$ cat work-v8.cif   # mmCIF, C-alpha atoms, pLDDT in the B column; chains and numbers go by the auth columns
data_target
loop_
_atom_site.group_PDB
_atom_site.id
_atom_site.type_symbol
_atom_site.label_atom_id
_atom_site.label_comp_id
_atom_site.label_asym_id
_atom_site.label_seq_id
_atom_site.Cartn_x
_atom_site.Cartn_y
_atom_site.Cartn_z
_atom_site.B_iso_or_equiv
_atom_site.auth_seq_id
_atom_site.auth_asym_id
ATOM 1 C CA MET A 1 101.010 115.443 116.481 85.00 1175 A
ATOM 2 C CA PHE A 2 103.946 113.039 116.846 94.00 1176 A
ATOM 3 C CA SER A 3 103.149 109.413 116.094 96.00 1177 A
ATOM 4 C CA LEU A 4 105.754 106.694 116.521 97.00 1178 A
ATOM 5 C CA LYS A 5 103.981 104.588 113.909 97.00 1179 A
ATOM 6 C CA GLU A 6 104.101 107.418 111.349 96.00 1180 A
ATOM 7 C CA ILE A 7 107.714 108.267 112.202 97.00 1181 A
ATOM 8 C CA PHE A 8 108.673 104.611 111.780 97.00 1182 A
ATOM 9 C CA SER A 9 106.833 104.386 108.433 96.00 1183 A
ATOM 10 C CA VAL A 10 108.399 107.597 107.116 97.00 1184 A
ATOM 11 C CA THR A 11 111.868 106.611 108.332 97.00 1185 A
ATOM 12 C CA LEU A 12 111.650 103.134 106.817 95.00 1186 A
ATOM 13 C CA THR A 13 110.320 104.476 103.507 94.00 1187 A
ATOM 14 C CA LEU A 14 113.079 107.064 103.196 96.00 1188 A
ATOM 15 C CA PHE A 15 115.664 104.519 104.313 95.00 1189 A
ATOM 16 C CA ALA A 16 114.600 102.188 101.520 90.00 1190 A
ATOM 17 C CA ILE A 17 114.523 104.977 98.897 90.00 1191 A
ATOM 18 C CA ILE A 18 117.839 106.542 99.877 92.00 1192 A
ATOM 19 C CA ASP A 19 119.383 103.042 100.075 86.00 1193 A
ATOM 20 C CA ILE A 20 122.601 104.321 101.589 89.00 1194 A
ATOM 21 C CA LEU A 21 123.792 100.797 102.356 80.00 1195 A
ATOM 22 C CA GLY A 22 123.339 99.831 98.723 75.00 1196 A
ATOM 23 C CA SER A 23 125.393 102.871 97.804 80.00 1197 A
ATOM 24 C CA VAL A 24 128.435 101.785 99.826 80.00 1198 A
ATOM 25 C CA PRO A 25 130.362 100.623 96.712 73.00 1199 A
ATOM 26 C CA ILE A 26 129.782 103.996 95.031 77.00 1200 A
ATOM 27 C CA ILE A 27 130.744 105.810 98.250 82.00 1201 A
ATOM 28 C CA LEU A 28 133.974 103.819 98.400 76.00 1202 A
ATOM 29 C CA GLN A 29 134.704 104.607 94.761 72.00 1203 A
ATOM 30 C CA ILE A 30 134.214 108.330 95.438 78.00 1204 A
ATOM 31 C CA ARG A 31 136.488 108.104 98.485 77.00 1205 A
ATOM 32 C CA GLN A 32 139.196 106.404 96.437 70.00 1206 A
ATOM 33 C CA ARG A 33 138.902 109.007 93.667 74.00 1207 A
ATOM 34 C CA GLU A 34 138.649 112.064 95.916 79.00 1208 A
ATOM 35 C CA GLY A 35 140.825 110.845 98.781 76.00 1209 A
ATOM 36 C CA LYS A 36 138.181 111.638 101.418 82.00 1210 A
ATOM 37 C CA ILE A 37 134.435 111.739 101.916 87.00 1211 A
ATOM 38 C CA HIS A 38 133.213 114.916 103.628 90.00 1212 A
ATOM 39 C CA SER A 39 130.475 113.238 105.654 94.00 1213 A
ATOM 40 C CA GLU A 40 129.303 116.402 107.407 95.00 1214 A
ATOM 41 C CA LYS A 41 129.080 118.437 104.209 94.00 1215 A
ATOM 42 C CA ALA A 42 127.281 115.689 102.257 95.00 1216 A
ATOM 43 C CA THR A 43 124.777 115.109 105.069 97.00 1217 A
ATOM 44 C CA LEU A 44 124.095 118.829 105.528 97.00 1218 A
ATOM 45 C CA VAL A 45 123.545 119.445 101.803 96.00 1219 A
ATOM 46 C CA ALA A 46 121.286 116.376 101.556 97.00 1220 A
ATOM 47 C CA GLY A 47 119.264 117.617 104.543 97.00 1221 A
ATOM 48 C CA VAL A 48 118.838 121.103 103.101 97.00 1222 A
ATOM 49 C CA LEU A 49 117.721 119.660 99.766 94.00 1223 A
ATOM 50 C CA MET A 50 115.210 117.321 101.420 97.00 1224 A
ATOM 51 C CA VAL A 51 113.666 119.942 103.682 97.00 1225 A
ATOM 52 C CA ALA A 52 113.577 122.551 100.897 95.00 1226 A
ATOM 53 C CA PHE A 53 111.766 120.175 98.568 93.00 1227 A
ATOM 54 C CA LEU A 54 109.430 119.109 101.364 95.00 1228 A
ATOM 55 C CA PHE A 55 108.303 122.720 101.787 95.00 1229 A
ATOM 56 C CA LEU A 56 108.693 124.089 98.244 94.00 1230 A
ATOM 57 C CA GLY A 57 107.862 120.990 96.222 88.00 1231 A
ATOM 58 C CA GLN A 58 104.119 121.706 96.223 83.00 1232 A
ATOM 59 C CA SER A 59 104.759 125.263 94.976 91.00 1233 A
ATOM 60 C CA ILE A 60 106.970 123.927 92.222 87.00 1234 A
ATOM 61 C CA LEU A 61 104.200 121.546 91.195 83.00 1235 A
ATOM 62 C CA SER A 62 101.685 124.382 91.172 89.00 1236 A
ATOM 63 C CA LEU A 63 103.996 126.412 88.974 93.00 1237 A
ATOM 64 C CA PHE A 64 103.794 123.629 86.383 92.00 1238 A
ATOM 65 C CA GLY A 65 100.068 123.051 86.928 92.00 1239 A
ATOM 66 C CA VAL A 66 100.482 119.515 88.279 86.00 1240 A
ATOM 67 C CA ASP A 67 98.171 118.365 91.080 83.00 1241 A
ATOM 68 C CA PHE A 68 99.594 116.359 93.945 72.00 1242 A
ATOM 69 C CA GLN A 69 97.656 113.180 93.182 77.00 1243 A
ATOM 70 C CA SER A 70 99.249 113.032 89.720 82.00 1244 A
ATOM 71 C CA PHE A 71 102.680 113.618 91.213 75.00 1245 A
ATOM 72 C CA ALA A 72 102.025 111.010 93.918 75.00 1246 A
ATOM 73 C CA LEU A 73 101.016 108.477 91.245 82.00 1247 A
ATOM 74 C CA ALA A 74 104.174 109.296 89.294 80.00 1248 A
ATOM 75 C CA GLY A 75 106.123 108.878 92.532 75.00 1249 A
ATOM 76 C CA ALA A 76 104.456 105.512 93.150 80.00 1250 A
ATOM 77 C CA ILE A 77 105.554 104.379 89.689 85.00 1251 A
ATOM 78 C CA ILE A 78 109.135 105.571 90.330 78.00 1252 A
ATOM 79 C CA ILE A 79 109.213 103.838 93.721 78.00 1253 A
ATOM 80 C CA PHE A 80 107.834 100.685 92.090 86.00 1254 A
ATOM 81 C CA LEU A 81 110.545 100.784 89.431 85.00 1255 A
ATOM 82 C CA ILE A 82 113.266 101.359 92.032 78.00 1256 A
ATOM 83 C CA GLY A 83 111.933 98.364 93.969 80.00 1257 A
ATOM 84 C CA MET A 84 111.988 96.248 90.802 88.00 1258 A
ATOM 85 C CA GLU A 85 115.510 97.443 90.113 83.00 1259 A
ATOM 86 C CA MET A 86 116.591 96.371 93.597 79.00 1260 A
ATOM 87 C CA ILE A 87 114.917 92.961 93.432 86.00 1261 A
ATOM 88 C CA LEU A 88 115.900 92.035 89.881 88.00 1262 A
ATOM 89 C CA GLY A 89 119.415 93.475 90.043 80.00 1263 A
ATOM 90 C CA ILE A 90 118.894 95.574 86.919 81.00 1264 A
ATOM 91 C CA GLU A 91 119.719 99.231 86.379 74.00 1265 A
ATOM 92 C CA LEU A 92 116.834 101.358 85.109 75.00 1266 A
ATOM 93 C CA PHE A 93 117.999 104.621 86.655 63.00 1267 A
ATOM 94 C CA ARG A 94 121.602 105.240 85.758 61.00 1268 A
ATOM 95 C CA HIS A 95 123.959 106.878 88.233 53.00 1269 A
ATOM 96 C CA ASN A 96 127.051 108.619 86.963 56.00 1270 A
ATOM 97 C CA PRO A 97 129.655 108.124 89.696 53.00 1271 A
ATOM 98 C CA ALA A 98 132.277 109.912 87.582 56.00 1272 A
ATOM 99 C CA ALA A 99 130.289 113.158 87.481 52.00 1273 A
ATOM 100 C CA SER A 100 131.863 116.231 89.087 48.00 1274 A
ATOM 101 C CA SER A 101 133.433 116.345 92.530 57.00 1275 A
ATOM 102 C CA GLY A 102 132.902 114.237 95.568 63.00 1276 A
ATOM 103 C CA SER A 103 130.773 114.977 98.550 76.00 1277 A
ATOM 104 C CA ILE A 104 128.136 117.180 96.919 85.00 1278 A
ATOM 105 C CA VAL A 105 127.827 115.800 93.393 78.00 1279 A
ATOM 106 C CA PRO A 106 127.200 112.874 93.054 75.00 1280 A
ATOM 107 C CA LEU A 107 127.060 111.938 96.754 84.00 1281 A
ATOM 108 C CA ALA A 108 124.552 114.401 98.295 88.00 1282 A
ATOM 109 C CA PHE A 109 122.773 114.876 94.978 84.00 1283 A
ATOM 110 C CA PRO A 110 121.671 112.668 93.231 78.00 1284 A
ATOM 111 C CA LEU A 111 122.868 109.634 95.221 82.00 1285 A
ATOM 112 C CA ILE A 112 121.312 110.501 98.610 90.00 1286 A
ATOM 113 C CA VAL A 113 118.672 112.979 97.436 89.00 1287 A
ATOM 114 C CA GLY A 114 117.609 111.989 93.966 78.00 1288 A
ATOM 115 C CA ALA A 115 114.344 112.034 92.074 73.00 1289 A
ATOM 116 C CA GLY A 116 113.021 109.072 94.046 79.00 1290 A
ATOM 117 C CA THR A 117 113.690 110.784 97.380 90.00 1291 A
ATOM 118 C CA MET A 118 112.065 114.047 96.278 87.00 1292 A
ATOM 119 C CA THR A 119 109.017 112.270 94.898 83.00 1293 A
ATOM 120 C CA THR A 120 108.740 110.203 98.049 90.00 1294 A
ATOM 121 C CA LEU A 121 108.940 113.301 100.260 93.00 1295 A
ATOM 122 C CA LEU A 122 105.903 114.846 98.584 88.00 1296 A
ATOM 123 C CA SER A 123 104.034 111.554 98.779 87.00 1297 A
ATOM 124 C CA LEU A 124 104.915 111.228 102.457 93.00 1298 A
ATOM 125 C CA ARG A 125 103.817 114.791 103.127 91.00 1299 A
ATOM 126 C CA ALA A 126 100.401 113.938 101.719 88.00 1300 A
ATOM 127 C CA ALA A 127 100.100 110.742 103.760 91.00 1301 A
ATOM 128 C CA TYR A 128 101.655 111.759 107.114 95.00 1302 A
ATOM 129 C CA SER A 129 101.802 114.815 109.353 95.00 1303 A
ATOM 130 C CA LEU A 130 104.650 117.244 108.675 96.00 1304 A
ATOM 131 C CA PRO A 131 106.394 116.900 112.076 97.00 1305 A
ATOM 132 C CA ASN A 132 106.581 113.112 111.637 97.00 1306 A
ATOM 133 C CA VAL A 133 108.056 113.508 108.144 97.00 1307 A
ATOM 134 C CA LEU A 134 110.664 115.947 109.480 98.00 1308 A
ATOM 135 C CA VAL A 135 111.642 113.529 112.261 98.00 1309 A
ATOM 136 C CA GLY A 136 111.916 110.753 109.660 97.00 1310 A
ATOM 137 C CA ILE A 137 114.204 112.953 107.553 98.00 1311 A
ATOM 138 C CA VAL A 138 116.439 113.737 110.538 98.00 1312 A
ATOM 139 C CA LEU A 139 116.658 110.063 111.545 98.00 1313 A
ATOM 140 C CA ASN A 140 117.664 109.139 108.006 98.00 1314 A
ATOM 141 C CA LEU A 141 120.252 111.905 107.869 98.00 1315 A
ATOM 142 C CA VAL A 142 121.783 110.614 111.110 98.00 1316 A
ATOM 143 C CA PHE A 143 121.955 107.148 109.594 96.00 1317 A
ATOM 144 C CA VAL A 144 123.405 108.518 106.339 96.00 1318 A
ATOM 145 C CA TYR A 145 126.094 110.354 108.320 97.00 1319 A
ATOM 146 C CA VAL A 146 126.995 107.210 110.288 95.00 1320 A
ATOM 147 C CA VAL A 147 127.216 105.145 107.092 93.00 1321 A
ATOM 148 C CA LEU A 148 129.363 107.761 105.351 94.00 1322 A
ATOM 149 C CA LYS A 149 131.702 107.880 108.328 93.00 1323 A
ATOM 150 C CA SER A 150 131.989 104.099 108.569 92.00 1324 A
ATOM 151 C CA SER A 151 131.555 102.955 104.964 81.00 1325 A
ATOM 152 C CA ALA A 152 134.743 100.892 104.825 76.00 1326 A
ATOM 153 C CA TRP A 153 133.864 99.012 108.000 85.00 1327 A
ATOM 154 C CA ILE A 154 130.305 98.350 106.744 78.00 1328 A
ATOM 155 C CA GLU A 155 131.604 96.981 103.461 73.00 1329 A
ATOM 156 C CA ARG A 156 133.892 94.534 105.257 79.00 1330 A
ATOM 157 C CA LYS A 157 131.113 93.349 107.586 85.00 1331 A
ATOM 158 C CA LEU A 158 128.323 92.995 105.001 78.00 1332 A
ATOM 159 C CA GLY A 159 130.233 91.458 102.167 79.00 1333 A
ATOM 160 C CA LYS A 160 128.729 91.126 98.710 79.00 1334 A
ATOM 161 C CA ALA A 161 126.125 88.521 99.745 86.00 1335 A
ATOM 162 C CA GLY A 162 124.897 90.636 102.672 82.00 1336 A
ATOM 163 C CA GLU A 163 124.580 93.696 100.461 76.00 1337 A
ATOM 164 C CA ASP A 164 122.578 91.734 97.866 80.00 1338 A
ATOM 165 C CA ILE A 165 120.208 90.348 100.501 83.00 1339 A
ATOM 166 C CA LEU A 166 119.673 93.785 102.039 77.00 1340 A
ATOM 167 C CA ARG A 167 118.990 95.332 98.637 77.00 1341 A
ATOM 168 C CA ARG A 168 116.385 92.695 97.756 84.00 1342 A
ATOM 169 C CA VAL A 169 114.580 92.908 101.108 84.00 1343 A
ATOM 170 C CA PHE A 170 114.227 96.669 100.762 78.00 1344 A
ATOM 171 C CA GLY A 171 113.154 96.210 97.152 81.00 1345 A
ATOM 172 C CA VAL A 172 110.149 94.170 98.279 87.00 1346 A
ATOM 173 C CA ILE A 173 109.321 96.784 100.912 82.00 1347 A
ATOM 174 C CA LEU A 174 109.450 99.500 98.248 79.00 1348 A
ATOM 175 C CA LEU A 175 107.084 97.545 96.004 87.00 1349 A
ATOM 176 C CA ALA A 176 104.577 97.315 98.846 86.00 1350 A
ATOM 177 C CA ILE A 177 104.927 101.039 99.581 79.00 1351 A
ATOM 178 C CA ALA A 178 104.415 101.872 95.892 82.00 1352 A
ATOM 179 C CA ILE A 179 101.245 99.818 95.741 89.00 1353 A
ATOM 180 C CA LYS A 180 99.952 101.489 98.916 83.00 1354 A
ATOM 181 C CA LEU A 181 100.665 104.961 97.470 77.00 1355 A
ATOM 182 C CA PHE A 182 98.990 104.007 94.204 83.00 1356 A
ATOM 183 C CA LYS A 183 95.879 102.705 95.969 87.00 1357 A
ATOM 184 C CA SER A 184 95.566 105.764 98.202 79.00 1358 A
ATOM 185 C CA ASN A 185 95.946 108.297 95.364 74.00 1359 A
ATOM 186 C CA PHE A 186 94.004 106.604 92.577 72.00 1360 A
#

$ encode --input "work-v8.cif" --output "structure tokens"
Amino acid sequence: MFSLKEIFSVTLTLFAIIDILGSVPIILQIRQREGKIHSEKATLVAGVLMVAFLFLGQSILSLFGVDFQSFALAGAIIIFLIGMEMILGIELFRHNPAASSGSIVPLAFPLIVGAGTMTTLLSLRAAYSLPNVLVGIVLNLVFVYVVLKSSAWIERKLGKAGEDILRRVFGVILLAIAIKLFKSNF
């Protein structure tokens, strides 16, 4: 049932996709604009969205007549592109940090739980047991909450060079995950 190896893989994959550390500059910009980040609210909404899509995502796919392997391949391509984006320092998927208000939009959705996270959740559900995926989600939400609460401190400690290195390392990991997903679903 519970496998530490699977939990670690799921947690690391979601950590790389969510890329909350790479989002620190956007988080700080939202905090400056809004005056405060509601860490609890953003984390709770992100968790509800992730779990809901984990359970209802397959039904949504069925509604549109899309099989999971096709969706998993599409997810592998998205993960690959996100990894390329992180490594090359280019922006393929545009975020609109000026959209709407604070902790829910754009922080919880689409910054924390975006298309990449939802696609990854369905891919992870196909590859790993459900309890391990749920534990991975919870571990990531705890980390997201901690980062949201301490974003200013993290920015000071990492600096621009540290953030760039972290982004590139996780970009390479995402590329490897995308290739693994592609191989297992093709």

$ closest_residue --input "work-v8.cif" --among "A:Glu1214, A:Glu1259, A:Asp1193, A:Glu1208" --to "A:Tyr1319" --atoms "all atoms listed in the file"
A:Glu1214

$ closest_residue --input "work-v8.cif" --among "A:Leu1218, A:Val1225, A:Ile1347, A:Leu1296" --to "A:Ala1248" --atoms "only C-alpha atoms"
A:Leu1296

$ atom_distance --input "work-v8.cif" --atom1 "atom CA of A:Ile1252" --atom2 "atom CA of A:Gly1345"
12.3 Å

$ resolve_selection --input "work-v8.cif" --expression "the PyMOL selection byres ((chain A and resi 1356) around 8)" --output "ChimeraX atom specification"
/A:1246-1247,1250-1251,1352-1355,1357-1360

$ closest_residue --input "work-v8.cif" --among "A:Leu1195, A:Leu1281, A:Val1343, A:Leu1186" --to "A:Thr1217" --atoms "only C-alpha atoms"
A:Leu1281

$ atom_distance --input "work-v8.cif" --atom1 "atom CA of A:Phe1317" --atom2 "atom CA of A:Leu1262"
25.6 Å

$ closest_residue --input "work-v8.cif" --among "A:Ala1300, A:Ser1324, A:Ile1278, A:Val1287" --to "A:His1212" --atoms "only C-alpha atoms"
A:Ile1278

$ residues_around --input "work-v8.cif" --residues "A:Leu1266" --least-positions-apart "5" --cutoff "12 Å" --atoms "only C-alpha atoms" --output "JSON, numbers by chain"
{"A": [1252, 1253, 1254, 1255, 1256, 1257, 1258, 1259, 1260, 1261]}

$ atom_distance --input "work-v8.cif" --atom1 "atom CA of A:Ser1183" --atom2 "atom CA of A:Val1309"
11.0 Å

$ resolve_selection --input "work-v8.cif" --expression "the PyMOL selection byres ((chain A and resi 1181) around 10)" --output "PyMOL selection string"
chain A and resi 1176-1180+1182-1187+1302-1303+1305-1311+1313

$ closest_residue --input "work-v8.cif" --among "A:Gln1243, A:Ser1236, A:Ser1213, A:Ser1197" --to "A:Ser1297" --atoms "all atoms listed in the file"
A:Gln1243

$ closest_residue --input "work-v8.cif" --among "A:Gly1239, A:Gly1288, A:Gly1263, A:Pro1280" --to "A:Arg1205" --atoms "all atoms listed in the file"
A:Pro1280

$ residues_around --input "work-v8.cif" --residues "A:Ala1220" --least-positions-apart "3" --cutoff "8 Å" --atoms "all atoms listed in the file" --output "number ranges by chain"
A: 1216-1217, 1223-1224, 1282-1283, 1286-1287, 1315

$ residues_near_point --input "work-v8.cif" --point "(113.7, 109.3, 99.6)" --cutoff "8 Å" --atoms "all atoms listed in the file" --output "ChimeraX atom specification"
/A:1187-1192,1286-1288,1290-1295

$ axis_aligned_box --input "work-v8.cif" --around "stretch 1212-1223 of chain A" --padding-each-side "5 Å" --output "AutoDock Vina command-line options"
--center_x 125.5 --center_y 117.2 --center_z 103.6 --size_x 25.5 --size_y 17.9 --size_z 17.6

$ resolve_selection --input "work-v8.cif" --expression "the PyMOL selection byres ((chain A and resi 1199) around 12)" --output "PDB file with C-alpha atoms, in the coordinates of the input"
ATOM      1  CA  ASP A1193     119.383 103.042 100.075  1.00 86.00           C
ATOM      2  CA  ILE A1194     122.601 104.321 101.589  1.00 89.00           C
ATOM      3  CA  LEU A1195     123.792 100.797 102.356  1.00 80.00           C
ATOM      4  CA  GLY A1196     123.339  99.831  98.723  1.00 75.00           C
ATOM      5  CA  SER A1197     125.393 102.871  97.804  1.00 80.00           C
ATOM      6  CA  VAL A1198     128.435 101.785  99.826  1.00 80.00           C
ATOM      7  CA  ILE A1200     129.782 103.996  95.031  1.00 77.00           C
ATOM      8  CA  ILE A1201     130.744 105.810  98.250  1.00 82.00           C
ATOM      9  CA  LEU A1202     133.974 103.819  98.400  1.00 76.00           C
ATOM     10  CA  GLN A1203     134.704 104.607  94.761  1.00 72.00           C
ATOM     11  CA  ILE A1204     134.214 108.330  95.438  1.00 78.00           C
ATOM     12  CA  ARG A1205     136.488 108.104  98.485  1.00 77.00           C
ATOM     13  CA  GLN A1206     139.196 106.404  96.437  1.00 70.00           C
ATOM     14  CA  PRO A1271     129.655 108.124  89.696  1.00 53.00           C
ATOM     15  CA  LEU A1281     127.060 111.938  96.754  1.00 84.00           C
ATOM     16  CA  LEU A1285     122.868 109.634  95.221  1.00 82.00           C
ATOM     17  CA  VAL A1321     127.216 105.145 107.092  1.00 93.00           C
ATOM     18  CA  LEU A1322     129.363 107.761 105.351  1.00 94.00           C
ATOM     19  CA  SER A1325     131.555 102.955 104.964  1.00 81.00           C
ATOM     20  CA  ALA A1326     134.743 100.892 104.825  1.00 76.00           C
ATOM     21  CA  TRP A1327     133.864  99.012 108.000  1.00 85.00           C
ATOM     22  CA  ILE A1328     130.305  98.350 106.744  1.00 78.00           C
ATOM     23  CA  GLU A1329     131.604  96.981 103.461  1.00 73.00           C
ATOM     24  CA  ARG A1330     133.892  94.534 105.257  1.00 79.00           C
ATOM     25  CA  LEU A1332     128.323  92.995 105.001  1.00 78.00           C
ATOM     26  CA  GLY A1333     130.233  91.458 102.167  1.00 79.00           C
ATOM     27  CA  LYS A1334     128.729  91.126  98.710  1.00 79.00           C
ATOM     28  CA  GLU A1337     124.580  93.696 100.461  1.00 76.00           C
ATOM     29  CA  ASP A1338     122.578  91.734  97.866  1.00 80.00           C
TER      30      ASP A1338
END
